[in-house]
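Content type mmCIF, N, CA and C atoms, from the file final_27.cif:
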```
data_final
loop_
_atom_site.label_atom_id
_atom_site.label_comp_id
_atom_site.auth_asym_id
_atom_site.auth_seq_id
_atom_site.Cartn_x
_atom_site.Cartn_y
_atom_site.Cartn_z
N MET A 876 230.59 4.48 42.87
CA MET A 876 230.15 3.48 41.91
C MET A 876 228.77 2.97 42.33
N PHE A 877 227.92 2.79 41.37
CA PHE A 877 226.55 2.33 41.56
C PHE A 877 226.43 0.99 40.85
N LYS A 878 226.13 -0.09 41.58
CA LYS A 878 226.06 -1.43 40.98
C LYS A 878 224.62 -1.83 40.72
N VAL A 879 224.36 -2.27 39.49
CA VAL A 879 223.01 -2.65 39.06
C VAL A 879 223.04 -4.09 38.54
N LEU A 880 222.12 -4.90 39.03
CA LEU A 880 221.94 -6.26 38.52
C LEU A 880 220.68 -6.28 37.67
N ILE A 881 220.83 -6.66 36.41
CA ILE A 881 219.69 -6.77 35.50
C ILE A 881 219.45 -8.25 35.26
N ALA A 882 218.35 -8.76 35.79
CA ALA A 882 217.99 -10.17 35.62
C ALA A 882 216.82 -10.25 34.64
N ASP A 883 217.12 -10.74 33.46
CA ASP A 883 216.11 -10.85 32.41
C ASP A 883 216.51 -12.01 31.52
N ASP A 884 215.56 -12.83 31.15
CA ASP A 884 215.88 -14.00 30.33
C ASP A 884 216.03 -13.66 28.85
N ASP A 885 215.86 -12.40 28.49
CA ASP A 885 216.00 -11.97 27.10
C ASP A 885 217.19 -11.02 26.97
N PHE A 886 218.19 -11.43 26.21
CA PHE A 886 219.41 -10.63 26.05
C PHE A 886 219.11 -9.22 25.54
N GLU A 887 218.25 -9.11 24.54
CA GLU A 887 217.93 -7.80 23.97
C GLU A 887 217.27 -6.89 25.00
N ASP A 888 216.41 -7.45 25.84
CA ASP A 888 215.77 -6.64 26.89
C ASP A 888 216.81 -6.13 27.89
N ARG A 889 217.79 -6.98 28.22
CA ARG A 889 218.85 -6.54 29.14
C ARG A 889 219.62 -5.37 28.54
N GLU A 890 219.96 -5.48 27.27
CA GLU A 890 220.70 -4.42 26.59
C GLU A 890 219.89 -3.12 26.52
N LEU A 891 218.60 -3.24 26.20
CA LEU A 891 217.74 -2.05 26.13
C LEU A 891 217.61 -1.38 27.50
N LEU A 892 217.49 -2.18 28.53
CA LEU A 892 217.36 -1.62 29.87
C LEU A 892 218.64 -0.89 30.29
N LYS A 893 219.78 -1.46 29.95
CA LYS A 893 221.05 -0.77 30.24
C LYS A 893 221.09 0.59 29.54
N LEU A 894 220.70 0.61 28.27
CA LEU A 894 220.69 1.88 27.53
C LEU A 894 219.73 2.89 28.14
N GLU A 895 218.56 2.44 28.56
CA GLU A 895 217.57 3.35 29.17
C GLU A 895 218.08 3.92 30.48
N ILE A 896 218.72 3.09 31.30
CA ILE A 896 219.27 3.57 32.57
C ILE A 896 220.39 4.58 32.30
N GLN A 897 221.26 4.28 31.35
CA GLN A 897 222.34 5.19 31.02
C GLN A 897 221.79 6.52 30.48
N LYS A 898 220.78 6.43 29.65
CA LYS A 898 220.17 7.63 29.08
C LYS A 898 219.54 8.48 30.18
N ALA A 899 218.85 7.84 31.12
CA ALA A 899 218.18 8.58 32.19
C ALA A 899 219.18 9.28 33.11
N LEU A 900 220.34 8.68 33.30
CA LEU A 900 221.33 9.26 34.21
C LEU A 900 222.27 10.25 33.53
N GLY A 901 222.28 10.23 32.21
CA GLY A 901 223.11 11.19 31.48
C GLY A 901 224.57 11.10 31.85
N PRO A 902 225.18 12.23 32.23
CA PRO A 902 226.62 12.25 32.53
C PRO A 902 227.00 11.40 33.75
N ASP A 903 226.06 11.12 34.62
CA ASP A 903 226.35 10.29 35.80
C ASP A 903 226.40 8.80 35.46
N ALA A 904 226.08 8.43 34.23
CA ALA A 904 226.04 7.02 33.83
C ALA A 904 227.39 6.34 33.90
N ASP A 905 228.47 7.11 33.87
CA ASP A 905 229.81 6.52 33.94
C ASP A 905 230.07 5.83 35.28
N ALA A 906 229.31 6.19 36.30
CA ALA A 906 229.51 5.63 37.63
C ALA A 906 228.78 4.29 37.82
N ILE A 907 228.08 3.82 36.80
CA ILE A 907 227.30 2.58 36.91
C ILE A 907 228.12 1.38 36.48
N ARG A 908 228.00 0.30 37.23
CA ARG A 908 228.59 -0.98 36.84
C ARG A 908 227.45 -1.98 36.74
N PHE A 909 227.21 -2.48 35.54
CA PHE A 909 226.13 -3.42 35.30
C PHE A 909 226.62 -4.85 35.44
N ARG A 910 225.77 -5.68 36.02
CA ARG A 910 225.95 -7.13 36.02
C ARG A 910 224.66 -7.69 35.45
N GLU A 911 224.77 -8.80 34.75
CA GLU A 911 223.59 -9.39 34.11
C GLU A 911 223.38 -10.82 34.55
N ALA A 912 222.11 -11.22 34.55
CA ALA A 912 221.74 -12.60 34.83
C ALA A 912 220.63 -12.98 33.86
N GLY A 913 220.76 -14.14 33.23
CA GLY A 913 219.77 -14.60 32.27
C GLY A 913 218.74 -15.53 32.88
N SER A 914 218.88 -15.82 34.18
CA SER A 914 217.92 -16.69 34.86
C SER A 914 217.89 -16.34 36.34
N VAL A 915 216.88 -16.85 37.02
CA VAL A 915 216.77 -16.64 38.46
C VAL A 915 217.97 -17.26 39.16
N ARG A 916 218.36 -18.45 38.73
CA ARG A 916 219.50 -19.14 39.34
C ARG A 916 220.77 -18.28 39.26
N GLU A 917 221.02 -17.69 38.10
CA GLU A 917 222.19 -16.81 37.95
C GLU A 917 222.07 -15.57 38.84
N ALA A 918 220.88 -15.01 38.92
CA ALA A 918 220.67 -13.82 39.76
C ALA A 918 220.94 -14.15 41.23
N VAL A 919 220.44 -15.28 41.69
CA VAL A 919 220.65 -15.67 43.08
C VAL A 919 222.13 -15.86 43.36
N ARG A 920 222.85 -16.50 42.44
CA ARG A 920 224.29 -16.69 42.61
C ARG A 920 225.01 -15.36 42.80
N GLN A 921 224.64 -14.39 41.98
CA GLN A 921 225.29 -13.08 42.09
C GLN A 921 224.89 -12.35 43.37
N LEU A 922 223.62 -12.50 43.76
CA LEU A 922 223.16 -11.84 44.98
C LEU A 922 223.79 -12.44 46.23
N GLU A 923 224.21 -13.68 46.15
CA GLU A 923 224.85 -14.33 47.29
C GLU A 923 226.28 -13.84 47.50
N THR A 924 226.89 -13.29 46.46
CA THR A 924 228.30 -12.91 46.56
C THR A 924 228.56 -11.42 46.42
N GLN A 925 227.54 -10.65 46.03
CA GLN A 925 227.74 -9.22 45.80
C GLN A 925 226.57 -8.42 46.35
N VAL A 926 226.84 -7.18 46.63
CA VAL A 926 225.80 -6.25 47.06
C VAL A 926 225.51 -5.32 45.89
N PHE A 927 224.22 -5.15 45.59
CA PHE A 927 223.80 -4.28 44.49
C PHE A 927 222.98 -3.13 45.03
N ASP A 928 223.08 -2.00 44.36
CA ASP A 928 222.28 -0.83 44.72
C ASP A 928 220.89 -0.91 44.11
N LEU A 929 220.79 -1.61 42.97
CA LEU A 929 219.52 -1.73 42.26
C LEU A 929 219.48 -3.06 41.54
N MET A 930 218.31 -3.67 41.54
CA MET A 930 218.13 -4.92 40.79
C MET A 930 216.81 -4.84 40.03
N THR A 931 216.85 -5.26 38.77
CA THR A 931 215.62 -5.39 38.00
C THR A 931 215.41 -6.88 37.75
N LEU A 932 214.17 -7.31 37.75
CA LEU A 932 213.86 -8.73 37.55
C LEU A 932 212.73 -8.84 36.54
N ASP A 933 213.02 -9.49 35.43
CA ASP A 933 212.01 -9.72 34.39
C ASP A 933 212.27 -11.10 33.80
N ILE A 934 211.84 -12.12 34.52
CA ILE A 934 212.00 -13.50 34.09
C ILE A 934 210.61 -14.06 33.83
N GLU A 935 210.44 -14.76 32.73
CA GLU A 935 209.15 -15.38 32.44
C GLU A 935 208.71 -16.24 33.61
N PHE A 936 207.46 -16.12 34.00
CA PHE A 936 206.97 -16.80 35.20
C PHE A 936 207.24 -18.29 35.19
N ASP A 937 207.02 -18.96 34.07
CA ASP A 937 207.21 -20.41 34.04
C ASP A 937 208.68 -20.80 34.19
N ARG A 938 209.60 -19.88 33.96
CA ARG A 938 211.02 -20.17 34.12
C ARG A 938 211.49 -19.93 35.54
N MET A 939 210.65 -19.32 36.37
CA MET A 939 211.05 -19.05 37.75
C MET A 939 211.06 -20.33 38.59
N THR A 940 210.47 -21.39 38.10
CA THR A 940 210.41 -22.63 38.86
C THR A 940 211.67 -23.47 38.68
N GLU A 941 212.69 -22.91 38.07
CA GLU A 941 213.92 -23.67 37.83
C GLU A 941 214.63 -24.02 39.13
N GLY A 942 214.40 -23.28 40.20
CA GLY A 942 214.94 -23.59 41.52
C GLY A 942 213.80 -23.88 42.46
N SER A 943 214.08 -24.38 43.62
CA SER A 943 212.99 -24.69 44.55
C SER A 943 212.28 -23.42 45.00
N THR A 944 213.03 -22.34 45.17
CA THR A 944 212.44 -21.03 45.47
C THR A 944 213.25 -19.99 44.70
N PRO A 945 212.62 -18.97 44.18
CA PRO A 945 213.38 -17.98 43.42
C PRO A 945 214.43 -17.28 44.27
N PHE A 946 214.07 -16.84 45.46
CA PHE A 946 215.00 -16.15 46.32
C PHE A 946 214.91 -16.72 47.73
N PRO A 947 216.01 -17.22 48.25
CA PRO A 947 215.98 -17.79 49.59
C PRO A 947 215.71 -16.70 50.63
N ARG A 948 215.07 -17.10 51.71
CA ARG A 948 214.80 -16.14 52.79
C ARG A 948 216.10 -15.80 53.49
N SER A 949 216.19 -14.59 53.91
CA SER A 949 217.39 -14.13 54.58
C SER A 949 217.02 -13.66 55.98
N SER A 950 217.89 -13.91 56.92
CA SER A 950 217.66 -13.44 58.28
C SER A 950 218.10 -11.98 58.42
N ARG A 951 218.80 -11.48 57.38
CA ARG A 951 219.24 -10.09 57.43
C ARG A 951 218.09 -9.16 57.05
N PRO A 952 217.90 -8.08 57.81
CA PRO A 952 216.84 -7.12 57.45
C PRO A 952 217.22 -6.38 56.18
N ILE A 953 216.21 -6.03 55.41
CA ILE A 953 216.41 -5.23 54.20
C ILE A 953 216.32 -3.77 54.59
N ARG A 954 217.37 -3.04 54.30
CA ARG A 954 217.39 -1.61 54.61
C ARG A 954 216.96 -0.82 53.41
N GLY A 955 216.10 0.15 53.61
CA GLY A 955 215.63 0.94 52.48
C GLY A 955 216.01 2.35 52.51
#
```
Could you write out this structure as structure tokens?
Amino acid sequence: MFKVLIADDDFEDRELLKLEIQKALGPDADAIRFREAGSVREAVRQLETQVFDLMTLDIEFDRMTEGSTPFPRSSRPIRG
């Protein structure tokens, strides 16, 4: 299973991105599990409780100030 978090403040953009990812993966698209976030705050909440293989972020810049920082610093190294 491949977990994808799509963070976008526009519902239609989230839906289009899901379709594009599914189209690009073709028959392998069945292995994808999408999660959605309509704001940075929602994305952070999901990132605190789940591990994702891929995340897309498309939030209007002025809406990113809804929290004190968009993404808290982590002491854990990011593995690539």
**Request:** Determine which residues of segment 907-939 of chain A DSSP labels as helix (DSSP H, G or I) from the backbone of this structure, then write them out as number ranges by chain.
**Result:** A: 915-924, 936-939
**Message:** As a check of understanding, name the residues that the PyMOL selection byres (((chain A and resi 882 and name CA) around 8) and name CA) selects in the supplied structure, as a list of chain:residue names.
**Reply:**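 Here the PyMOL selection byres (((chain A and resi 882 and name CA) around 8) and name CA) matches A:Leu880, A:Ile881, A:Asp883, A:Asp884, A:Arg889, A:Glu911, A:Ala912, A:Gly913, A:Ser914, A:Val915, A:Ala918, A:Met930, A:Thr931, A:Leu932, A:Asp933, A:Ile934.
Atom to atom, atom CA of Lys893 of chain A and atom CA of Ile907 of chain A stand 9.7 Å apart.
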**Message:** So the first atom is atom CA of Ala899 of chain A and the second is atom CA of Glu917 of chain A; what is the distance between them in Å, to one decimal place?
**Reply:**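 Atom CA of Ala899 of chain A sits 26.3 Å away from atom CA of Glu917 of chain A.
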Test item: residues at most 10 Å from Gln925 of chain A, only C-alpha atoms, excluding those fewer than 3 positions along its chain, as a PDB file with N, CA and C atoms, in the coordinates of the input:
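Heads up, here's the output in result-v3.pdb:
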```pdb
ATOM      1  N   LYS A 878     226.130  -0.090  41.580  1.00  0.00           N
ATOM      2  CA  LYS A 878     226.060  -1.430  40.980  1.00  0.00           C
ATOM      3  C   LYS A 878     224.620  -1.830  40.720  1.00  0.00           C
ATOM      4  N   LEU A 880     222.120  -4.900  39.030  1.00  0.00           N
ATOM      5  CA  LEU A 880     221.940  -6.260  38.520  1.00  0.00           C
ATOM      6  C   LEU A 880     220.680  -6.280  37.670  1.00  0.00           C
ATOM      7  N   VAL A 919     220.440 -15.280  41.690  1.00  0.00           N
ATOM      8  CA  VAL A 919     220.650 -15.670  43.080  1.00  0.00           C
ATOM      9  C   VAL A 919     222.130 -15.860  43.360  1.00  0.00           C
ATOM     10  N   ARG A 920     222.850 -16.500  42.440  1.00  0.00           N
ATOM     11  CA  ARG A 920     224.290 -16.690  42.610  1.00  0.00           C
ATOM     12  C   ARG A 920     225.010 -15.360  42.800  1.00  0.00           C
ATOM     13  N   GLN A 921     224.640 -14.390  41.980  1.00  0.00           N
ATOM     14  CA  GLN A 921     225.290 -13.080  42.090  1.00  0.00           C
ATOM     15  C   GLN A 921     224.890 -12.350  43.370  1.00  0.00           C
ATOM     16  N   LEU A 922     223.620 -12.500  43.760  1.00  0.00           N
ATOM     17  CA  LEU A 922     223.160 -11.840  44.980  1.00  0.00           C
ATOM     18  C   LEU A 922     223.790 -12.440  46.230  1.00  0.00           C
TER      19      LEU A 922
END
```
**Request:** Find the residue from A:Arg916, A:Gly901, A:Ile896, A:Glu890 that sits nearest to Leu929 of chain A; use only C-alpha atoms when measuring.
**Result:**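 Using only C-alpha atoms, Leu929 of chain A sits closest to A:Ile896.
Between atom CA of Met876 of chain A and atom C of Glu923 of chain A the interatomic distance comes to 18.6 Å.
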Box time for segment 894-905 of chain A: axis-aligned, enclosing all its listed atoms, 8 Å extra on each side; report centre and edge lengths in Å to one decimal, as JSON.
```
{"center_x": 223.8, "center_y": 6.4, "center_z": 31.7, "size_x": 28.5, "size_y": 27.6, "size_z": 24.3}
```
